[in-house]
$ cat structure-v7.cif   # mmCIF, C-alpha atoms
data_run
loop_
_atom_site.label_atom_id
_atom_site.label_comp_id
_atom_site.auth_asym_id
_atom_site.auth_seq_id
_atom_site.Cartn_x
_atom_site.Cartn_y
_atom_site.Cartn_z
CA MET A 1 53.71 161.57 80.64
CA ARG A 2 52.19 161.23 84.09
CA ILE A 3 51.40 158.05 85.98
CA LEU A 4 47.95 158.18 87.61
CA ARG A 5 46.80 156.16 90.57
CA PRO A 6 43.53 154.27 90.03
CA GLU A 7 41.59 156.70 92.25
CA GLU A 8 42.78 159.62 90.10
CA VAL A 9 41.55 158.16 86.81
CA ILE A 10 38.25 159.59 85.60
CA VAL A 11 38.33 158.50 81.95
CA PHE A 12 40.60 155.86 80.47
CA PRO A 13 42.55 156.97 77.40
CA GLU A 14 42.48 154.95 74.20
CA ILE A 15 44.89 152.04 74.16
CA ARG A 16 47.84 152.58 71.87
CA ASP A 17 51.30 151.12 71.40
CA LEU A 18 53.98 153.06 73.22
CA THR A 19 57.32 153.79 71.65
CA PRO A 20 60.31 152.24 73.44
CA GLU A 21 61.14 155.68 74.86
CA GLU A 22 57.58 156.20 76.15
CA LEU A 23 57.55 152.70 77.63
CA ALA A 24 60.88 153.31 79.39
CA GLU A 25 59.53 156.60 80.76
CA ALA A 26 56.34 154.92 81.96
CA TYR A 27 58.34 152.23 83.80
CA ARG A 28 60.61 154.89 85.33
CA LEU A 29 57.66 156.96 86.51
CA GLY A 30 55.95 153.87 87.90
CA ARG A 31 59.06 152.89 89.87
CA GLU A 32 59.41 156.41 91.25
CA ALA A 33 55.72 156.56 92.24
CA PHE A 34 55.84 153.19 94.05
CA THR A 35 56.33 154.03 97.72
CA ALA A 36 57.22 152.05 100.81
CA ALA A 37 53.55 152.33 101.84
CA ASP A 38 52.57 150.61 98.58
CA LEU A 39 55.02 147.79 99.30
CA GLN A 40 53.77 147.42 102.86
CA LYS A 41 50.35 146.28 101.59
CA TYR A 42 52.00 143.24 100.00
CA THR A 43 54.24 142.29 102.93
CA GLU A 44 51.64 142.05 105.69
CA PRO A 45 49.59 138.88 106.06
CA LEU A 46 45.90 139.25 105.34
CA ASP A 47 44.96 137.04 108.28
CA ASP A 48 46.47 134.42 110.56
CA GLY A 49 45.08 131.59 108.45
CA VAL A 50 45.04 127.96 109.50
CA SER A 51 48.21 126.02 110.21
CA ALA A 52 49.04 122.95 108.15
CA GLU A 53 49.02 120.89 111.35
CA GLU A 54 45.40 121.88 112.05
CA VAL A 55 44.38 120.96 108.51
CA LEU A 56 46.15 117.59 108.78
CA ILE A 57 44.49 116.81 112.12
CA GLU A 58 41.06 117.63 110.65
CA MET A 59 41.73 115.51 107.55
CA GLU A 60 42.86 112.56 109.68
CA GLU A 61 39.71 112.87 111.82
CA GLN A 62 37.49 112.94 108.74
CA GLN A 63 39.32 109.92 107.29
CA ARG A 64 38.88 108.03 110.59
CA LYS A 65 35.13 108.78 110.58
CA PHE A 66 34.86 107.71 106.95
CA ASP A 67 36.73 104.46 107.61
CA GLU A 68 34.53 103.68 110.64
CA ALA A 69 31.32 104.31 108.69
CA ARG A 70 32.59 102.19 105.82
CA SER A 71 33.55 99.27 108.11
CA ARG A 72 30.00 99.26 109.59
CA SER A 73 28.45 98.82 106.13
#

$ encode --input "structure-v7.cif" --output "structure tokens"
Amino acid sequence: MRILRPEEVIVFPEIRDLTPEELAEAYRLGREAFTAADLQKYTEPLDDGVSAEEVLIEMEEQQRKFDEARSRS
């Protein structure tokens, strides 16, 4: 059995149930093929994002505007 990376797959084989031995081998091969570079993709942030404080300030500002508009009505 050989574990293929997505870019190596040309045709998908038919789905079938694996025996416990085949399943154990597939898991073993998958663990061995998983590299530090693969892990790195999941440990780096995608972007800086927005801090919770910034979101809270914006929400409070919007609530203040809403309350002012409502009190004028």

$ residues_near_point --input "structure-v7.cif" --point "(50.8, 153.2, 80.5)" --cutoff "12 Å" --atoms "only C-alpha atoms" --output "list in words"
Met1, Arg2, Ile3, Leu4, Arg5, Phe12, Pro13, Glu14, Ile15, Arg16, Asp17, Leu18, Thr19, Pro20, Glu22, Leu23, Ala24, Glu25, Ala26, Tyr27, Arg28, Leu29 and Gly30 of chain A

$ write_last_selection --input "structure-v7.cif" --atoms "C-alpha atoms" --output "compact mmCIF listing (two decimals), in the frame of the given file"
# COMPACT_ATOMS: atom_id res chain seq x y z
CA MET A 1 53.71 161.57 80.64
CA ARG A 2 52.19 161.23 84.09
CA ILE A 3 51.40 158.05 85.98
CA LEU A 4 47.95 158.18 87.61
CA ARG A 5 46.80 156.16 90.57
CA PHE A 12 40.60 155.86 80.47
CA PRO A 13 42.55 156.97 77.40
CA GLU A 14 42.48 154.95 74.20
CA ILE A 15 44.89 152.04 74.16
CA ARG A 16 47.84 152.58 71.87
CA ASP A 17 51.30 151.12 71.40
CA LEU A 18 53.98 153.06 73.22
CA THR A 19 57.32 153.79 71.65
CA PRO A 20 60.31 152.24 73.44
CA GLU A 22 57.58 156.20 76.15
CA LEU A 23 57.55 152.70 77.63
CA ALA A 24 60.88 153.31 79.39
CA GLU A 25 59.53 156.60 80.76
CA ALA A 26 56.34 154.92 81.96
CA TYR A 27 58.34 152.23 83.80
CA ARG A 28 60.61 154.89 85.33
CA LEU A 29 57.66 156.96 86.51
CA GLY A 30 55.95 153.87 87.90

$ atom_distance --input "structure-v7.cif" --atom1 "atom CA of Leu56 of chain A" --atom2 "atom CA of Arg70 of chain A"
20.7 Å

$ atom_distance --input "structure-v7.cif" --atom1 "atom CA of Glu8 of chain A" --atom2 "atom CA of Ala36 of chain A"
19.5 Å

$ build_atoms --input "structure-v7.cif" --residues "segment 9-36 of chain A" --atoms "N, CA and C atoms" --output "PDB file, keeping the file's coordinate frame"
ATOM      1  N   VAL A   9      41.998 158.335  88.187  1.00  0.00           N
ATOM      2  CA  VAL A   9      41.550 158.160  86.810  1.00  0.00           C
ATOM      3  C   VAL A   9      40.045 158.407  86.712  1.00  0.00           C
ATOM      4  N   ILE A  10      39.666 159.309  85.833  1.00  0.00           N
ATOM      5  CA  ILE A  10      38.250 159.590  85.600  1.00  0.00           C
ATOM      6  C   ILE A  10      37.806 158.935  84.295  1.00  0.00           C
ATOM      7  N   VAL A  11      38.616 159.086  83.260  1.00  0.00           N
ATOM      8  CA  VAL A  11      38.330 158.500  81.950  1.00  0.00           C
ATOM      9  C   VAL A  11      39.596 157.801  81.473  1.00  0.00           C
ATOM     10  N   PHE A  12      39.451 156.590  80.976  1.00  0.00           N
ATOM     11  CA  PHE A  12      40.600 155.860  80.470  1.00  0.00           C
ATOM     12  C   PHE A  12      40.910 156.315  79.045  1.00  0.00           C
ATOM     13  N   PRO A  13      42.186 156.585  78.761  1.00  0.00           N
ATOM     14  CA  PRO A  13      42.550 156.970  77.400  1.00  0.00           C
ATOM     15  C   PRO A  13      42.491 155.766  76.466  1.00  0.00           C
ATOM     16  N   GLU A  14      42.471 156.038  75.173  1.00  0.00           N
ATOM     17  CA  GLU A  14      42.480 154.950  74.200  1.00  0.00           C
ATOM     18  C   GLU A  14      43.773 154.166  74.324  1.00  0.00           C
ATOM     19  N   ILE A  15      43.698 152.877  74.114  1.00  0.00           N
ATOM     20  CA  ILE A  15      44.890 152.040  74.160  1.00  0.00           C
ATOM     21  C   ILE A  15      45.676 152.246  72.875  1.00  0.00           C
ATOM     22  N   ARG A  16      46.976 152.437  73.033  1.00  0.00           N
ATOM     23  CA  ARG A  16      47.840 152.580  71.870  1.00  0.00           C
ATOM     24  C   ARG A  16      49.194 151.985  72.207  1.00  0.00           C
ATOM     25  N   ASP A  17      49.948 151.635  71.188  1.00  0.00           N
ATOM     26  CA  ASP A  17      51.300 151.120  71.400  1.00  0.00           C
ATOM     27  C   ASP A  17      52.220 152.266  71.770  1.00  0.00           C
ATOM     28  N   LEU A  18      53.026 152.050  72.804  1.00  0.00           N
ATOM     29  CA  LEU A  18      53.980 153.060  73.220  1.00  0.00           C
ATOM     30  C   LEU A  18      55.307 152.823  72.507  1.00  0.00           C
ATOM     31  N   THR A  19      55.987 153.908  72.223  1.00  0.00           N
ATOM     32  CA  THR A  19      57.320 153.790  71.650  1.00  0.00           C
ATOM     33  C   THR A  19      58.242 153.260  72.744  1.00  0.00           C
ATOM     34  N   PRO A  20      59.387 152.711  72.400  1.00  0.00           N
ATOM     35  CA  PRO A  20      60.310 152.240  73.440  1.00  0.00           C
ATOM     36  C   PRO A  20      60.684 153.336  74.437  1.00  0.00           C
ATOM     37  N   GLU A  21      60.811 154.568  73.964  1.00  0.00           N
ATOM     38  CA  GLU A  21      61.140 155.680  74.860  1.00  0.00           C
ATOM     39  C   GLU A  21      59.985 155.965  75.823  1.00  0.00           C
ATOM     40  N   GLU A  22      58.760 155.958  75.305  1.00  0.00           N
ATOM     41  CA  GLU A  22      57.580 156.200  76.150  1.00  0.00           C
ATOM     42  C   GLU A  22      57.422 155.073  77.167  1.00  0.00           C
ATOM     43  N   LEU A  23      57.671 153.848  76.739  1.00  0.00           N
ATOM     44  CA  LEU A  23      57.550 152.700  77.630  1.00  0.00           C
ATOM     45  C   LEU A  23      58.599 152.795  78.748  1.00  0.00           C
ATOM     46  N   ALA A  24      59.830 153.158  78.391  1.00  0.00           N
ATOM     47  CA  ALA A  24      60.880 153.310  79.390  1.00  0.00           C
ATOM     48  C   ALA A  24      60.510 154.414  80.384  1.00  0.00           C
ATOM     49  N   GLU A  25      59.943 155.498  79.882  1.00  0.00           N
ATOM     50  CA  GLU A  25      59.530 156.600  80.760  1.00  0.00           C
ATOM     51  C   GLU A  25      58.399 156.161  81.684  1.00  0.00           C
ATOM     52  N   ALA A  26      57.453 155.401  81.147  1.00  0.00           N
ATOM     53  CA  ALA A  26      56.340 154.920  81.960  1.00  0.00           C
ATOM     54  C   ALA A  26      56.845 154.007  83.077  1.00  0.00           C
ATOM     55  N   TYR A  27      57.770 153.108  82.772  1.00  0.00           N
ATOM     56  CA  TYR A  27      58.340 152.230  83.800  1.00  0.00           C
ATOM     57  C   TYR A  27      59.097 153.061  84.847  1.00  0.00           C
ATOM     58  N   ARG A  28      59.868 154.050  84.408  1.00  0.00           N
ATOM     59  CA  ARG A  28      60.610 154.890  85.330  1.00  0.00           C
ATOM     60  C   ARG A  28      59.667 155.641  86.268  1.00  0.00           C
ATOM     61  N   LEU A  29      58.629 156.227  85.695  1.00  0.00           N
ATOM     62  CA  LEU A  29      57.660 156.960  86.510  1.00  0.00           C
ATOM     63  C   LEU A  29      56.939 156.034  87.481  1.00  0.00           C
ATOM     64  N   GLY A  30      56.607 154.839  87.027  1.00  0.00           N
ATOM     65  CA  GLY A  30      55.950 153.870  87.900  1.00  0.00           C
ATOM     66  C   GLY A  30      56.834 153.470  89.072  1.00  0.00           C
ATOM     67  N   ARG A  31      58.123 153.233  88.786  1.00  0.00           N
ATOM     68  CA  ARG A  31      59.060 152.890  89.870  1.00  0.00           C
ATOM     69  C   ARG A  31      59.194 154.036  90.860  1.00  0.00           C
ATOM     70  N   GLU A  32      59.273 155.258  90.361  1.00  0.00           N
ATOM     71  CA  GLU A  32      59.410 156.410  91.250  1.00  0.00           C
ATOM     72  C   GLU A  32      58.152 156.640  92.089  1.00  0.00           C
ATOM     73  N   ALA A  33      56.989 156.326  91.529  1.00  0.00           N
ATOM     74  CA  ALA A  33      55.720 156.560  92.240  1.00  0.00           C
ATOM     75  C   ALA A  33      55.427 155.473  93.263  1.00  0.00           C
ATOM     76  N   PHE A  34      56.087 154.304  93.131  1.00  0.00           N
ATOM     77  CA  PHE A  34      55.840 153.190  94.050  1.00  0.00           C
ATOM     78  C   PHE A  34      56.543 153.484  95.367  1.00  0.00           C
ATOM     79  N   THR A  35      55.775 153.629  96.431  1.00  0.00           N
ATOM     80  CA  THR A  35      56.330 154.030  97.720  1.00  0.00           C
ATOM     81  C   THR A  35      56.457 152.836  98.673  1.00  0.00           C
ATOM     82  N   ALA A  36      57.100 153.070  99.780  1.00  0.00           N
ATOM     83  CA  ALA A  36      57.220 152.050 100.810  1.00  0.00           C
ATOM     84  C   ALA A  36      55.834 151.666 101.342  1.00  0.00           C
TER      85      ALA A  36
END
